[in-house]
Structure formats: structure tokens, C-alpha cells
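**Student:** Contents of coords.cif (mmCIF, C-alpha atoms) are given next:
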data_start
#
loop_
_atom_site.group_PDB
_atom_site.id
_atom_site.type_symbol
_atom_site.label_atom_id
_atom_site.label_comp_id
_atom_site.auth_asym_id
_atom_site.auth_seq_id
_atom_site.Cartn_x
_atom_site.Cartn_y
_atom_site.Cartn_z
ATOM 1 C CA MET A 17 14.351 9.167 12.180
ATOM 2 C CA THR A 18 10.851 7.793 12.506
ATOM 3 C CA PRO A 19 9.347 5.928 9.531
ATOM 4 C CA SER A 20 7.122 8.940 8.789
ATOM 5 C CA GLU A 21 10.179 11.214 8.767
ATOM 6 C CA GLN A 22 11.958 8.774 6.436
ATOM 7 C CA ILE A 23 8.997 8.874 4.045
ATOM 8 C CA ASP A 24 9.012 12.691 4.218
ATOM 9 C CA ALA A 25 12.716 12.644 3.373
ATOM 10 C CA ARG A 26 12.192 10.248 0.437
ATOM 11 C CA ILE A 27 9.478 12.484 -1.019
ATOM 12 C CA LYS A 28 11.760 15.517 -0.704
ATOM 13 C CA GLU A 29 14.786 13.613 -2.031
ATOM 14 C CA LEU A 30 12.943 12.543 -5.185
ATOM 15 C CA GLY A 31 12.076 16.162 -5.951
ATOM 16 C CA ASP A 32 10.108 15.324 -9.098
ATOM 17 C CA TRP A 33 6.789 13.855 -10.202
ATOM 18 C CA ARG A 34 7.589 10.621 -8.319
ATOM 19 C CA GLY A 35 7.809 12.476 -5.021
ATOM 20 C CA GLN A 36 4.572 14.281 -5.778
ATOM 21 C CA MET A 37 2.868 10.982 -6.690
ATOM 22 C CA LEU A 38 4.164 9.238 -3.570
ATOM 23 C CA ALA A 39 2.892 12.136 -1.438
ATOM 24 C CA ARG A 40 -0.547 11.960 -3.096
ATOM 25 C CA LEU A 41 -0.753 8.188 -2.601
ATOM 26 C CA ARG A 42 0.306 8.569 1.019
ATOM 27 C CA ASP A 43 -2.428 11.136 1.577
ATOM 28 C CA ILE A 44 -5.028 8.810 0.033
ATOM 29 C CA VAL A 45 -3.902 5.923 2.250
ATOM 30 C CA HIS A 46 -4.316 8.117 5.340
ATOM 31 C CA ARG A 47 -7.742 9.327 4.223
ATOM 32 C CA ALA A 48 -8.855 5.745 3.567
ATOM 33 C CA ASP A 49 -7.555 4.535 6.936
ATOM 34 C CA PRO A 50 -6.831 7.213 9.543
ATOM 35 C CA GLU A 51 -5.436 4.490 11.851
ATOM 36 C CA VAL A 52 -2.800 3.312 9.370
ATOM 37 C CA ALA A 53 0.771 2.960 10.630
ATOM 38 C CA GLU A 54 3.709 4.003 8.486
ATOM 39 C CA THR A 55 6.790 1.800 8.495
ATOM 40 C CA TRP A 56 10.056 1.761 6.558
ATOM 41 C CA LYS A 57 11.326 -1.610 5.321
ATOM 42 C CA TRP A 58 13.587 -3.375 2.872
ATOM 43 C CA ARG A 59 16.268 -0.694 2.616
ATOM 44 C CA GLY A 60 13.971 2.204 1.963
ATOM 45 C CA VAL A 61 10.414 1.251 1.048
ATOM 46 C CA PRO A 62 7.485 3.116 2.593
ATOM 47 C CA VAL A 63 4.984 0.596 3.956
ATOM 48 C CA TRP A 64 1.481 1.207 5.284
ATOM 49 C CA GLU A 65 0.174 -1.267 7.841
ATOM 50 C CA HIS A 66 -3.002 -2.000 9.749
ATOM 51 C CA ASP A 67 -3.165 -5.471 11.323
ATOM 52 C CA GLY A 68 -0.429 -6.387 8.839
ATOM 53 C CA ILE A 69 0.891 -4.899 5.621
ATOM 54 C CA LEU A 70 -1.683 -3.132 3.466
ATOM 55 C CA CYS A 71 0.531 -1.764 0.722
ATOM 56 C CA THR A 72 3.913 -0.326 -0.173
ATOM 57 C CA GLY A 73 4.981 2.764 -2.092
ATOM 58 C CA GLU A 74 8.031 1.831 -4.152
ATOM 59 C CA THR A 75 9.663 4.408 -6.417
ATOM 60 C CA TYR A 76 11.435 3.523 -9.640
ATOM 61 C CA LYS A 77 12.724 5.560 -12.564
ATOM 62 C CA ALA A 78 9.523 5.337 -14.601
ATOM 63 C CA VAL A 79 6.843 4.392 -12.034
ATOM 64 C CA VAL A 80 5.650 4.693 -8.497
ATOM 65 C CA LYS A 81 4.458 1.197 -7.661
ATOM 66 C CA MET A 82 1.794 0.665 -5.033
ATOM 67 C CA THR A 83 1.920 -3.031 -4.132
ATOM 68 C CA PHE A 84 -0.881 -4.586 -2.097
ATOM 69 C CA ALA A 85 0.350 -7.479 0.025
ATOM 70 C CA LYS A 86 -2.877 -9.465 -0.409
ATOM 71 C CA GLY A 87 -4.023 -7.827 -3.625
ATOM 72 C CA ALA A 88 -4.937 -11.062 -5.400
ATOM 73 C CA SER A 89 -7.716 -11.640 -2.871
ATOM 74 C CA LEU A 90 -9.109 -8.091 -2.933
ATOM 75 C CA PRO A 91 -12.092 -6.966 -4.999
ATOM 76 C CA ASP A 92 -10.964 -4.623 -7.785
ATOM 77 C CA PRO A 93 -14.118 -3.650 -9.708
ATOM 78 C CA ALA A 94 -12.415 -0.528 -11.126
ATOM 79 C CA HIS A 95 -9.509 -2.663 -12.439
ATOM 80 C CA LEU A 96 -6.849 -0.550 -10.766
ATOM 81 C CA PHE A 97 -4.315 -3.377 -10.621
ATOM 82 C CA ASN A 98 -2.088 -3.193 -13.690
ATOM 83 C CA SER A 99 1.104 -4.883 -12.502
ATOM 84 C CA SER A 100 2.232 -8.086 -10.776
ATOM 85 C CA LEU A 101 -0.892 -9.782 -12.067
ATOM 86 C CA ASP A 102 0.621 -13.271 -12.309
ATOM 87 C CA GLY A 103 1.282 -13.808 -8.616
ATOM 88 C CA ASN A 104 -0.964 -15.718 -6.265
ATOM 89 C CA VAL A 105 -0.875 -13.145 -3.463
ATOM 90 C CA ARG A 106 0.349 -9.643 -4.377
ATOM 91 C CA ARG A 107 -1.011 -7.200 -6.925
ATOM 92 C CA ALA A 108 0.302 -3.752 -7.800
ATOM 93 C CA ILE A 109 -0.667 -0.509 -9.431
ATOM 94 C CA ASP A 110 2.010 1.247 -11.484
ATOM 95 C CA PHE A 111 1.553 5.000 -11.625
ATOM 96 C CA ARG A 112 3.439 6.809 -14.379
ATOM 97 C CA GLU A 113 4.115 10.497 -14.767
ATOM 98 C CA GLY A 114 0.875 12.297 -15.550
ATOM 99 C CA ASP A 115 -1.393 9.387 -14.584
ATOM 100 C CA ALA A 116 -4.692 10.299 -12.992
ATOM 101 C CA ILE A 117 -5.616 8.583 -9.734
ATOM 102 C CA ASN A 118 -9.093 7.142 -9.324
ATOM 103 C CA GLU A 119 -9.213 8.205 -5.678
ATOM 104 C CA LYS A 120 -12.651 6.769 -4.940
ATOM 105 C CA ALA A 121 -11.674 3.324 -6.242
ATOM 106 C CA LEU A 122 -8.251 3.447 -4.546
ATOM 107 C CA ILE A 123 -9.821 4.341 -1.197
ATOM 108 C CA ALA A 124 -12.218 1.403 -1.603
ATOM 109 C CA LEU A 125 -9.281 -0.897 -2.386
ATOM 110 C CA ILE A 126 -7.321 0.280 0.673
ATOM 111 C CA ARG A 127 -10.373 -0.197 2.892
ATOM 112 C CA ALA A 128 -10.836 -3.703 1.459
ATOM 113 C CA ALA A 129 -7.207 -4.450 2.399
ATOM 114 C CA VAL A 130 -7.839 -3.196 5.948
ATOM 115 C CA LYS A 131 -10.933 -5.392 6.165
ATOM 116 C CA ALA A 132 -9.035 -8.428 4.839
ATOM 117 C CA ASN A 133 -6.255 -7.953 7.395
ATOM 118 C CA ALA A 134 -8.787 -7.581 10.220
ATOM 119 C CA ALA A 135 -10.602 -10.739 9.097
ATOM 120 C CA LYS A 136 -7.313 -12.643 9.000
ATOM 121 C CA GLY A 137 -6.709 -11.753 12.628
ATOM 122 C CA ARG A 138 -10.206 -12.846 13.662
ATOM 123 C CA ASN A 139 -9.890 -16.162 11.815
ATOM 124 C CA ARG A 140 -6.787 -17.298 13.684
ATOM 125 C CA SER A 141 -7.541 -20.258 15.854
ATOM 126 C CA PRO A 142 -6.067 -20.211 19.339
ATOM 127 C CA ALA A 143 -3.033 -22.376 19.962
ATOM 128 C CA LYS A 144 -3.833 -25.831 21.220
ATOM 129 C CA PRO A 145 -2.515 -26.734 24.649
ATOM 130 C CA GLY A 146 0.699 -28.695 24.480
ATOM 131 C CA GLY A 147 1.226 -28.088 20.833
#
Any chance you could put this one into C-alpha cells?

**Tutor:**
Amino acid sequence: MTPSEQIDARIKELGDWRGQMLARLRDIVHRADPEVAETWKWRGVPVWEHDGILCTGETYKAVVKMTFAKGASLPDPAHLFNSSLDGNVRRAIDFREGDAINEKALIALIRAAVKANAAKGRNRSPAKPGG
């Protein structure tokens, strides 16, 4: 199965609010970045990438966790991040059953992650000859 088919299967397999939430988050990611690539990593975690990992969509019993790989460096004026706040790199948003999604702010956050990944690629210095 392709990663997209695996994500489809996970959504269907969950069959509850978590599947619905994961599907909504997936849709928002695609609207924020139509060029995003879906991958499937770490024994069953949906991952969205564009010039590197943007975010993941992990499902747990009580939350759907959207973890941003470089979240600590992203602007979050709407204060969406509510989990993994102690780390130096990642930040996450835990969505619980019935939670509303601030789509406008989430789209802005995803686009900031795309921009950060693109900037990282541009800032790489070329390898030095012989080293």
C-alpha cells in the first residue's frame, strides 16, 4: 500500500472521533500545502513532508496529536501548541474529542513549517572540496 492508502486505512480502522479528527487535520494540511507528500513512518504514524518533515498525525486513546518537527522555532501567535512544550525542537497540538480546530491559525502554522523547511534547504552551505 502507498502511504496515502495506509493513512486512509488508519482513518477507517479507527472508526470513531479520532479517525474523523485525523481526516480533518489531513485535509487542512493539504489545503495549507497542496504540494505536501504523505509518508508512513515509525510503525504506523502518518507524516506530512515538504523539504523535510512538517508534522505527524499520531492517534492515541484520548487525543490525536499533531507534532511539528520544528515547532519550537515556528511563530504561534494563536497559541495552538498545547503539548510537548518543554523540548527544544518539537511542539505538538493535542486534539481531544469535541475540540474545535482554529483552521486559519493551523494553516498559517503549517505554511510557516513549509517556509522553515525551505529556508533550511537554502541555508545549507555546499560541501568543501576534499572534506

**Student:** Write out as CSV a residue-level contact list of region 97-137 of chain A versus region 61-71 of chain A with cut-off 10 Å: for each qualifying residue the closest pair of atoms and the distance in Å to one decimal, counting all atoms listed in the file, rows sorted by chain and residue number upward.

**Tutor:**
residue,atom,partner,partner_atom,distance
A:Arg106,CA,A:Cys71,CA,9.4
A:Arg107,CA,A:Cys71,CA,9.5
A:Ala108,CA,A:Cys71,CA,8.8
A:Leu125,CA,A:Leu70,CA,9.8
A:Ile126,CA,A:Leu70,CA,7.2
A:Arg127,CA,A:Leu70,CA,9.2
A:Ala128,CA,A:Leu70,CA,9.4
A:Ala129,CA,A:Leu70,CA,5.8
A:Val130,CA,A:His66,CA,6.3
A:Lys131,CA,A:Asp67,CA,9.3
A:Ala132,CA,A:Leu70,CA,9.2
A:Asn133,CA,A:Asp67,CA,5.6
A:Ala134,CA,A:Asp67,CA,6.1
A:Ala135,CA,A:Asp67,CA,9.4
A:Lys136,CA,A:Asp67,CA,8.6
A:Gly137,CA,A:Asp67,CA,7.3

**Student:** Distance CA of Thr55 (chain A)-CA of Gly31 (chain A), one decimal place?

**Tutor:** 21.0 Å

**Student:** Hey, can you check how far CA of Val80 (chain A) sits from CA of Met17 (chain A)?

**Tutor:**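 It comes out at 22.9 Å.
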
**Student:** Tell me, as a list in words, which residues lie within 8 Å of Ala88 (chain A), counting all atoms listed in the file; anything in the same chain fewer than 2 positions away does not count.

**Tutor:**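 In the requested form, the answer reads Lys86, Leu90, Leu101, Gly103, Asn104, Val105, Arg106 and Arg107 of chain A.
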
**Student:** Which one of A:Asp92, A:Asp110, A:Asp49, A:Asp115 sits closest to Glu74 (chain A) if you count all atoms listed in the file?

**Tutor:**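 Of all the options, A:Asp110 lies closest to Glu74 (chain A).
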
**Student:** From the list A:Leu41, A:Lys57, A:Met82, A:Arg34, which residue is nearest Gln22 (chain A) when using only C-alpha atoms?

**Tutor:** A:Lys57

**Student:** Report the centre and edge lengths, in Å to one decimal, of an axis-aligned box enclosing every atom of region 109-115 of chain A listed in the file, padded by 5 Å on each side, as JSON.

**Tutor:**
{"center_x": 1.4, "center_y": 5.9, "center_z": -12.5, "size_x": 15.5, "size_y": 22.8, "size_z": 16.1}

**Student:** Of the candidates A:Ile123, A:Ala39, A:Ala53, A:Ala78, which one gets nearest to Ile27 (chain A) if we count all atoms listed in the file?

**Tutor:**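 Answer, going by the shortest atom-to-atom distance: A:Ala39.
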